[in-house]
file data.cif (mmCIF, C-alpha atoms)
data_my_file
loop_
_atom_site.group_PDB
_atom_site.id
_atom_site.type_symbol
_atom_site.label_atom_id
_atom_site.label_comp_id
_atom_site.auth_asym_id
_atom_site.auth_seq_id
_atom_site.Cartn_x
_atom_site.Cartn_y
_atom_site.Cartn_z
ATOM 1 C CA ALA Y 813 -74.049 -122.388 110.995
ATOM 2 C CA GLY Y 814 -72.091 -125.390 112.193
ATOM 3 C CA GLU Y 815 -68.658 -123.898 111.463
ATOM 4 C CA THR Y 816 -65.912 -124.372 114.056
ATOM 5 C CA VAL Y 817 -63.242 -121.683 114.350
ATOM 6 C CA PHE Y 818 -60.121 -121.804 116.513
ATOM 7 C CA VAL Y 819 -58.749 -118.342 117.389
ATOM 8 C CA HIS Y 820 -55.266 -117.906 118.782
ATOM 9 C CA GLY Y 821 -52.662 -115.196 119.233
ATOM 10 C CA PRO Y 822 -50.298 -113.708 121.816
ATOM 11 C CA SER Y 823 -51.559 -112.177 125.053
ATOM 12 C CA GLY Y 824 -52.917 -108.685 124.528
ATOM 13 C CA CYS Y 825 -53.687 -109.129 120.821
ATOM 14 C CA GLY Y 826 -57.440 -108.632 121.318
ATOM 15 C CA LYS Y 827 -58.904 -112.150 121.475
ATOM 16 C CA SER Y 828 -61.301 -111.395 124.332
ATOM 17 C CA SER Y 829 -62.243 -108.063 122.735
ATOM 18 C CA LEU Y 830 -63.074 -109.876 119.498
ATOM 19 C CA LEU Y 831 -65.364 -112.269 121.383
ATOM 20 C CA ALA Y 832 -67.067 -109.356 123.148
ATOM 21 C CA LEU Y 833 -67.723 -107.772 119.729
ATOM 22 C CA LEU Y 834 -69.156 -111.033 118.360
ATOM 23 C CA ALA Y 835 -71.504 -111.281 121.347
ATOM 24 C CA GLY Y 836 -72.619 -107.652 121.250
ATOM 25 C CA VAL Y 837 -71.060 -106.922 124.639
ATOM 26 C CA LEU Y 838 -68.904 -104.295 122.889
ATOM 27 C CA LEU Y 839 -69.985 -102.362 119.796
ATOM 28 C CA PRO Y 840 -67.538 -101.712 116.935
ATOM 29 C CA GLN Y 841 -66.287 -98.183 116.312
ATOM 30 C CA GLN Y 842 -66.204 -99.027 112.596
ATOM 31 C CA GLY Y 843 -67.831 -101.695 110.454
ATOM 32 C CA GLN Y 844 -70.593 -104.120 111.364
ATOM 33 C CA VAL Y 845 -71.079 -107.242 113.446
ATOM 34 C CA VAL Y 846 -74.182 -109.181 112.398
ATOM 35 C CA LEU Y 847 -75.560 -112.212 114.223
ATOM 36 C CA ALA Y 848 -78.573 -114.180 112.950
ATOM 37 C CA GLY Y 849 -79.410 -111.371 110.532
ATOM 38 C CA ARG Y 850 -79.314 -108.528 113.080
ATOM 39 C CA ASP Y 851 -76.640 -105.847 113.337
ATOM 40 C CA TRP Y 852 -75.749 -105.437 117.014
ATOM 41 C CA GLN Y 853 -75.516 -101.674 116.477
ATOM 42 C CA SER Y 854 -79.191 -101.509 115.417
ATOM 43 C CA LEU Y 855 -80.377 -102.844 118.788
ATOM 44 C CA SER Y 856 -80.899 -101.012 122.073
ATOM 45 C CA ARG Y 857 -78.968 -102.160 125.146
ATOM 46 C CA SER Y 858 -81.935 -104.260 126.319
ATOM 47 C CA GLY Y 859 -82.435 -105.481 122.748
ATOM 48 C CA ARG Y 860 -78.832 -106.667 122.642
ATOM 49 C CA ASP Y 861 -79.282 -108.465 125.964
ATOM 50 C CA HIS Y 862 -82.366 -110.230 124.598
ATOM 51 C CA TRP Y 863 -80.753 -111.122 121.250
ATOM 52 C CA ARG Y 864 -77.659 -112.420 123.075
ATOM 53 C CA VAL Y 865 -79.553 -114.792 125.367
ATOM 54 C CA GLU Y 866 -81.644 -115.990 122.407
ATOM 55 C CA HIS Y 867 -78.703 -116.772 120.137
ATOM 56 C CA VAL Y 868 -75.401 -116.929 122.051
ATOM 57 C CA GLY Y 869 -73.995 -119.484 124.474
ATOM 58 C CA TYR Y 870 -70.935 -117.935 126.135
ATOM 59 C CA ILE Y 871 -68.289 -119.803 128.137
ATOM 60 C CA PHE Y 872 -66.558 -116.953 129.923
ATOM 61 C CA GLN Y 873 -62.927 -117.133 130.955
ATOM 62 C CA GLN Y 874 -64.007 -116.303 134.531
ATOM 63 C CA PHE Y 875 -67.128 -118.536 134.228
ATOM 64 C CA ASN Y 876 -69.613 -115.866 135.512
ATOM 65 C CA LEU Y 877 -71.649 -118.438 137.449
ATOM 66 C CA LEU Y 878 -74.122 -116.968 139.946
ATOM 67 C CA PRO Y 879 -72.837 -117.903 143.419
ATOM 68 C CA TYR Y 880 -76.272 -117.991 145.094
ATOM 69 C CA LEU Y 881 -77.864 -120.404 142.596
ATOM 70 C CA SER Y 882 -77.370 -124.151 142.479
ATOM 71 C CA VAL Y 883 -75.267 -125.684 139.727
ATOM 72 C CA ARG Y 884 -78.450 -126.962 138.031
ATOM 73 C CA ASP Y 885 -80.153 -123.553 138.212
ATOM 74 C CA ASN Y 886 -77.053 -121.881 136.753
ATOM 75 C CA VAL Y 887 -77.318 -124.169 133.724
ATOM 76 C CA LEU Y 888 -81.028 -123.348 133.383
ATOM 77 C CA LEU Y 889 -80.469 -119.560 133.350
ATOM 78 C CA PRO Y 890 -80.630 -119.096 129.534
ATOM 79 C CA CYS Y 891 -83.987 -120.915 129.518
ATOM 80 C CA ARG Y 892 -85.323 -118.601 132.218
ATOM 81 C CA PHE Y 893 -84.605 -115.549 130.049
ATOM 82 C CA SER Y 894 -85.333 -116.971 126.585
ATOM 83 C CA ALA Y 895 -88.481 -118.791 125.504
ATOM 84 C CA THR Y 896 -86.618 -119.831 122.344
ATOM 85 C CA ARG Y 897 -83.813 -121.528 124.288
ATOM 86 C CA ARG Y 898 -86.316 -123.116 126.679
ATOM 87 C CA ALA Y 899 -88.380 -124.547 123.793
ATOM 88 C CA ALA Y 900 -85.248 -125.851 122.059
ATOM 89 C CA ALA Y 901 -84.056 -127.489 125.282
ATOM 90 C CA ALA Y 902 -87.468 -129.070 125.879
ATOM 91 C CA ALA Y 903 -87.578 -130.382 122.290
ATOM 92 C CA ARG Y 904 -84.297 -132.197 122.885
ATOM 93 C CA GLY Y 905 -84.824 -133.440 126.432
ATOM 94 C CA GLY Y 906 -88.554 -133.454 127.198
ATOM 95 C CA SER Y 907 -88.101 -130.427 129.453
ATOM 96 C CA ALA Y 908 -85.499 -127.731 129.992
ATOM 97 C CA GLU Y 909 -84.767 -129.231 133.414
ATOM 98 C CA ALA Y 910 -84.118 -132.659 131.910
ATOM 99 C CA GLN Y 911 -81.865 -131.115 129.283
ATOM 100 C CA ALA Y 912 -79.890 -129.245 131.978
ATOM 101 C CA GLU Y 913 -79.348 -132.539 133.776
ATOM 102 C CA HIS Y 914 -78.329 -134.188 130.496
ATOM 103 C CA TRP Y 915 -75.588 -131.603 129.958
ATOM 104 C CA LEU Y 916 -74.381 -131.792 133.552
ATOM 105 C CA ALA Y 917 -74.092 -135.570 133.264
ATOM 106 C CA ALA Y 918 -72.438 -135.269 129.835
ATOM 107 C CA MET Y 919 -69.861 -132.940 131.407
ATOM 108 C CA GLY Y 920 -69.009 -135.639 133.928
ATOM 109 C CA LEU Y 921 -70.535 -133.842 136.911
ATOM 110 C CA ALA Y 922 -71.980 -136.284 139.438
ATOM 111 C CA ARG Y 923 -75.628 -135.885 140.438
ATOM 112 C CA GLU Y 924 -74.706 -135.062 144.042
ATOM 113 C CA LEU Y 925 -73.069 -131.837 142.786
ATOM 114 C CA TRP Y 926 -76.129 -130.498 140.974
ATOM 115 C CA GLN Y 927 -77.776 -128.866 144.006
ATOM 116 C CA ARG Y 928 -74.543 -127.425 145.376
ATOM 117 C CA THR Y 929 -73.481 -123.838 144.750
ATOM 118 C CA PRO Y 930 -70.639 -123.174 142.299
ATOM 119 C CA GLY Y 931 -68.268 -121.961 145.011
ATOM 120 C CA THR Y 932 -68.113 -125.473 146.480
ATOM 121 C CA LEU Y 933 -66.813 -126.934 143.185
ATOM 122 C CA SER Y 934 -63.270 -127.105 141.845
ATOM 123 C CA VAL Y 935 -62.227 -124.667 139.118
ATOM 124 C CA GLY Y 936 -62.398 -127.436 136.512
ATOM 125 C CA GLN Y 937 -65.906 -128.412 137.631
ATOM 126 C CA GLN Y 938 -67.067 -124.786 137.480
ATOM 127 C CA GLN Y 939 -65.699 -124.576 133.949
ATOM 128 C CA ARG Y 940 -67.814 -127.571 132.918
ATOM 129 C CA VAL Y 941 -70.935 -126.040 134.515
ATOM 130 C CA ALA Y 942 -70.310 -122.905 132.444
ATOM 131 C CA ALA Y 943 -70.060 -125.055 129.306
ATOM 132 C CA ALA Y 944 -73.332 -126.857 130.097
ATOM 133 C CA ARG Y 945 -75.033 -123.463 130.514
ATOM 134 C CA ALA Y 946 -73.682 -122.295 127.138
ATOM 135 C CA LEU Y 947 -74.905 -125.410 125.315
ATOM 136 C CA ILE Y 948 -78.445 -125.667 126.670
ATOM 137 C CA GLY Y 949 -81.110 -124.711 124.149
ATOM 138 C CA ALA Y 950 -78.888 -125.092 121.053
ATOM 139 C CA PRO Y 951 -77.852 -121.435 120.540
ATOM 140 C CA ALA Y 952 -76.840 -120.316 117.037
ATOM 141 C CA LEU Y 953 -73.377 -119.336 118.263
ATOM 142 C CA VAL Y 954 -71.251 -120.803 121.052
ATOM 143 C CA ILE Y 955 -68.335 -118.631 122.159
ATOM 144 C CA ALA Y 956 -65.644 -120.244 124.295
ATOM 145 C CA ASP Y 957 -62.963 -118.038 125.888
ATOM 146 C CA GLU Y 958 -60.066 -120.275 127.039
ATOM 147 C CA PRO Y 959 -62.502 -123.002 128.191
ATOM 148 C CA THR Y 960 -59.887 -125.722 128.766
ATOM 149 C CA SER Y 961 -57.366 -123.692 130.777
ATOM 150 C CA ALA Y 962 -58.213 -125.431 134.080
ATOM 151 C CA LEU Y 963 -58.538 -128.981 132.712
ATOM 152 C CA ASP Y 964 -55.925 -131.724 132.610
ATOM 153 C CA GLU Y 965 -55.120 -133.394 129.277
ATOM 154 C CA ASP Y 966 -57.688 -136.207 129.508
ATOM 155 C CA LEU Y 967 -60.486 -133.885 130.626
ATOM 156 C CA ARG Y 968 -59.450 -131.321 128.003
ATOM 157 C CA ASN Y 969 -59.717 -133.851 125.166
ATOM 158 C CA ALA Y 970 -63.055 -135.181 126.417
ATOM 159 C CA PHE Y 971 -64.381 -131.635 126.826
ATOM 160 C CA VAL Y 972 -63.385 -130.610 123.287
ATOM 161 C CA ASP Y 973 -64.944 -133.820 121.892
ATOM 162 C CA LEU Y 974 -68.195 -133.066 123.681
ATOM 163 C CA LEU Y 975 -68.268 -129.398 122.673
ATOM 164 C CA LEU Y 976 -67.592 -130.133 119.000
ATOM 165 C CA ASP Y 977 -70.178 -132.927 118.929
ATOM 166 C CA ALA Y 978 -72.837 -130.827 120.690
ATOM 167 C CA CYS Y 979 -72.324 -127.890 118.318
ATOM 168 C CA ALA Y 980 -72.433 -130.205 115.281
ATOM 169 C CA GLN Y 981 -75.713 -131.755 116.440
ATOM 170 C CA ALA Y 982 -77.294 -128.352 117.068
ATOM 171 C CA ARG Y 983 -75.745 -126.755 113.953
ATOM 172 C CA SER Y 984 -74.295 -124.126 116.295
ATOM 173 C CA ALA Y 985 -71.281 -122.179 115.104
ATOM 174 C CA LEU Y 986 -68.372 -122.436 117.551
ATOM 175 C CA VAL Y 987 -65.703 -119.769 118.100
ATOM 176 C CA PHE Y 988 -63.074 -121.171 120.444
ATOM 177 C CA VAL Y 989 -60.197 -119.072 121.794
ATOM 178 C CA SER Y 990 -57.218 -120.888 123.288
ATOM 179 C CA HIS Y 991 -53.459 -120.745 123.681
ATOM 180 C CA ASP Y 992 -53.428 -124.550 123.414
ATOM 181 C CA ARG Y 993 -52.446 -125.103 119.773
ATOM 182 C CA ARG Y 994 -52.497 -128.910 120.244
ATOM 183 C CA ILE Y 995 -56.268 -128.926 119.697
ATOM 184 C CA ALA Y 996 -56.340 -126.441 116.806
ATOM 185 C CA GLU Y 997 -56.293 -129.104 114.084
ATOM 186 C CA ARG Y 998 -59.680 -130.402 115.270
ATOM 187 C CA PHE Y 999 -61.397 -127.202 114.128
ATOM 188 C CA GLY Y 1000 -62.576 -126.410 110.622
ATOM 189 C CA ARG Y 1001 -60.762 -123.078 110.487
ATOM 190 C CA GLN Y 1002 -57.973 -121.367 112.369
ATOM 191 C CA VAL Y 1003 -57.599 -117.602 112.807
ATOM 192 C CA ALA Y 1004 -54.329 -116.137 114.083
ATOM 193 C CA LEU Y 1005 -54.546 -112.641 115.545
ATOM 194 C CA PRO Y 1006 -51.325 -110.618 115.273
ATOM 195 C CA GLN Y 1007 -49.551 -108.897 118.141
ATOM 196 C CA ILE Y 1008 -50.732 -105.325 118.644
ATOM 197 C CA ASN Y 1009 -47.819 -102.927 118.937
ATOM 198 C CA ARG Y 1010 -48.747 -100.111 121.277
ATOM 199 C CA VAL Y 1011 -46.715 -96.931 121.524
ATOM 200 C CA VAL Y 1012 -46.166 -95.866 125.136
ATOM 201 C CA HIS Y 1013 -45.553 -92.144 125.651
#

call {"tool": "encode", "arguments": {"input": "data.cif", "output": "structure tokens"}}
result
Amino acid sequence: AGETVFVHGPSGCGKSSLLALLAGVLLPQQGQVVLAGRDWQSLSRSGRDHWRVEHVGYIFQQFNLLPYLSVRDNVLLPCRFSATRRAAAAARGGSAEAQAEHWLAAMGLARELWQRTPGTLSVGQQQRVAAARALIGAPALVIADEPTSALDEDLRNAFVDLLLDACAQARSALVFVSHDRRIAERFGRQVALPQINRVVH
């Protein structure tokens, strides 16, 4: 709880696969992955979905925002599926809705954007909506897959500050994958994944 880990390595070394294993999206062929005391392998598919929304905030590389929902409703999604996340959000903001608005404002997204659909936002703005959705309800684990790739230097630094501070306040563990080694020193631990050498027949 509360640990921050920066994961880096060359393209194709398995960074995204590692994150999918941590989040129970993929199951390991060997060994165990345990989150909040539960082995992902011991859960059914629906059980994994439930455990994931209860305990994991995921900033996907492709954002995975729902195009037909407003920005605000996208941020609220974890609270719609998890009573635990909704209660945690309400405890911090008075209501889950107020907490969603807090995170949108903290991400620098103007109020007039909150009722728009994600497709009307820039790539950088969509990335920040995805981060707000991951943070709402103080999940035990926040997974960030290249979350600063579409941000300029100033926005990148502000985003990393906010993410680290939010995870520290919530005692959320943070696993952050990036090619940008300039921010690695701000994390408590760094993990370098080696290049995988594949034999092509």

call {"tool": "resolve_selection", "arguments": {"input": "data.cif", "expression": "the PyMOL selection byres ((chain Y and resi 936-946) around 9)", "output": "PyMOL selection string"}}
result
chain Y and resi 868-877+883-884+886-890+912+914-916+918-921+930-931+933-935+947-951+954-956+959-964+967+971+975

call {"tool": "atom_distance", "arguments": {"input": "data.cif", "atom1": "CA of Asp861 in chain Y", "atom2": "CA of Val817 in chain Y"}}
result
23.8 Å

call {"tool": "resolve_selection", "arguments": {"input": "data.cif", "expression": "the PyMOL selection byres ((chain Y and resi 842-858) around 12)", "output": "CSV table (one decimal) with C-alpha atoms, in the frame of the given file"}}
result
chain,number,residue,atom,x,y,z
Y,813,ALA,CA,-74.0,-122.4,111.0
Y,830,LEU,CA,-63.1,-109.9,119.5
Y,831,LEU,CA,-65.4,-112.3,121.4
Y,832,ALA,CA,-67.1,-109.4,123.1
Y,833,LEU,CA,-67.7,-107.8,119.7
Y,834,LEU,CA,-69.2,-111.0,118.4
Y,835,ALA,CA,-71.5,-111.3,121.3
Y,836,GLY,CA,-72.6,-107.7,121.2
Y,837,VAL,CA,-71.1,-106.9,124.6
Y,838,LEU,CA,-68.9,-104.3,122.9
Y,839,LEU,CA,-70.0,-102.4,119.8
Y,840,PRO,CA,-67.5,-101.7,116.9
Y,841,GLN,CA,-66.3,-98.2,116.3
Y,859,GLY,CA,-82.4,-105.5,122.7
Y,860,ARG,CA,-78.8,-106.7,122.6
Y,861,ASP,CA,-79.3,-108.5,126.0
Y,862,HIS,CA,-82.4,-110.2,124.6
Y,863,TRP,CA,-80.8,-111.1,121.2
Y,864,ARG,CA,-77.7,-112.4,123.1
Y,865,VAL,CA,-79.6,-114.8,125.4
Y,866,GLU,CA,-81.6,-116.0,122.4
Y,867,HIS,CA,-78.7,-116.8,120.1
Y,868,VAL,CA,-75.4,-116.9,122.1
Y,951,PRO,CA,-77.9,-121.4,120.5
Y,952,ALA,CA,-76.8,-120.3,117.0
Y,953,LEU,CA,-73.4,-119.3,118.3
Y,954,VAL,CA,-71.3,-120.8,121.1
Y,984,SER,CA,-74.3,-124.1,116.3
Y,985,ALA,CA,-71.3,-122.2,115.1

call {"tool": "atom_distance", "arguments": {"input": "data.cif", "atom1": "CA of Ala996 in chain Y", "atom2": "CA of Phe818 in chain Y"}}
result
6.0 Å

call {"tool": "closest_residue", "arguments": {"input": "data.cif", "among": "Y:Ala970, Y:Asp957, Y:Asp885, Y:Gly905", "to": "Thr929 in chain Y", "atoms": "all atoms listed in the file"}}
result
Y:Asp885

call {"tool": "resolve_selection", "arguments": {"input": "data.cif", "expression": "the PyMOL selection byres ((chain Y and resi 1000) around 7)", "output": "list in words"}}
result
Glu815, Thr816, Val817, Arg998, Phe999 and Arg1001 of chain Y

call {"tool": "atom_distance", "arguments": {"input": "data.cif", "atom1": "CA of Arg923 in chain Y", "atom2": "CA of Leu878 in chain Y"}}
result
19.0 Å

call {"tool": "residues_around", "arguments": {"input": "data.cif", "residues": "Ser823 in chain Y", "least_positions_apart": "4", "cutoff": "10 Å", "atoms": "only C-alpha atoms", "output": "list in words"}}
result
Lys827, Ser828, His991, Leu1005, Pro1006, Gln1007 and Ile1008 of chain Y

call {"tool": "closest_residue", "arguments": {"input": "data.cif", "among": "Y:Leu881, Y:Val989, Y:Leu974, Y:Ala982", "to": "Ala901 in chain Y", "atoms": "all atoms listed in the file"}}
result
Y:Ala982

call {"tool": "closest_residue", "arguments": {"input": "data.cif", "among": "Y:Arg904, Y:Phe893, Y:Tyr880, Y:Ser829", "to": "Gln981 in chain Y", "atoms": "all atoms listed in the file"}}
result
Y:Arg904

call {"tool": "axis_aligned_box", "arguments": {"input": "data.cif", "around": "range 836-852 of chain Y", "padding_each_side": "5 Å", "output": "JSON"}}
result
{"center_x": -72.8, "center_y": -106.2, "center_z": 117.5, "size_x": 23.2, "size_y": 26.0, "size_z": 24.2}
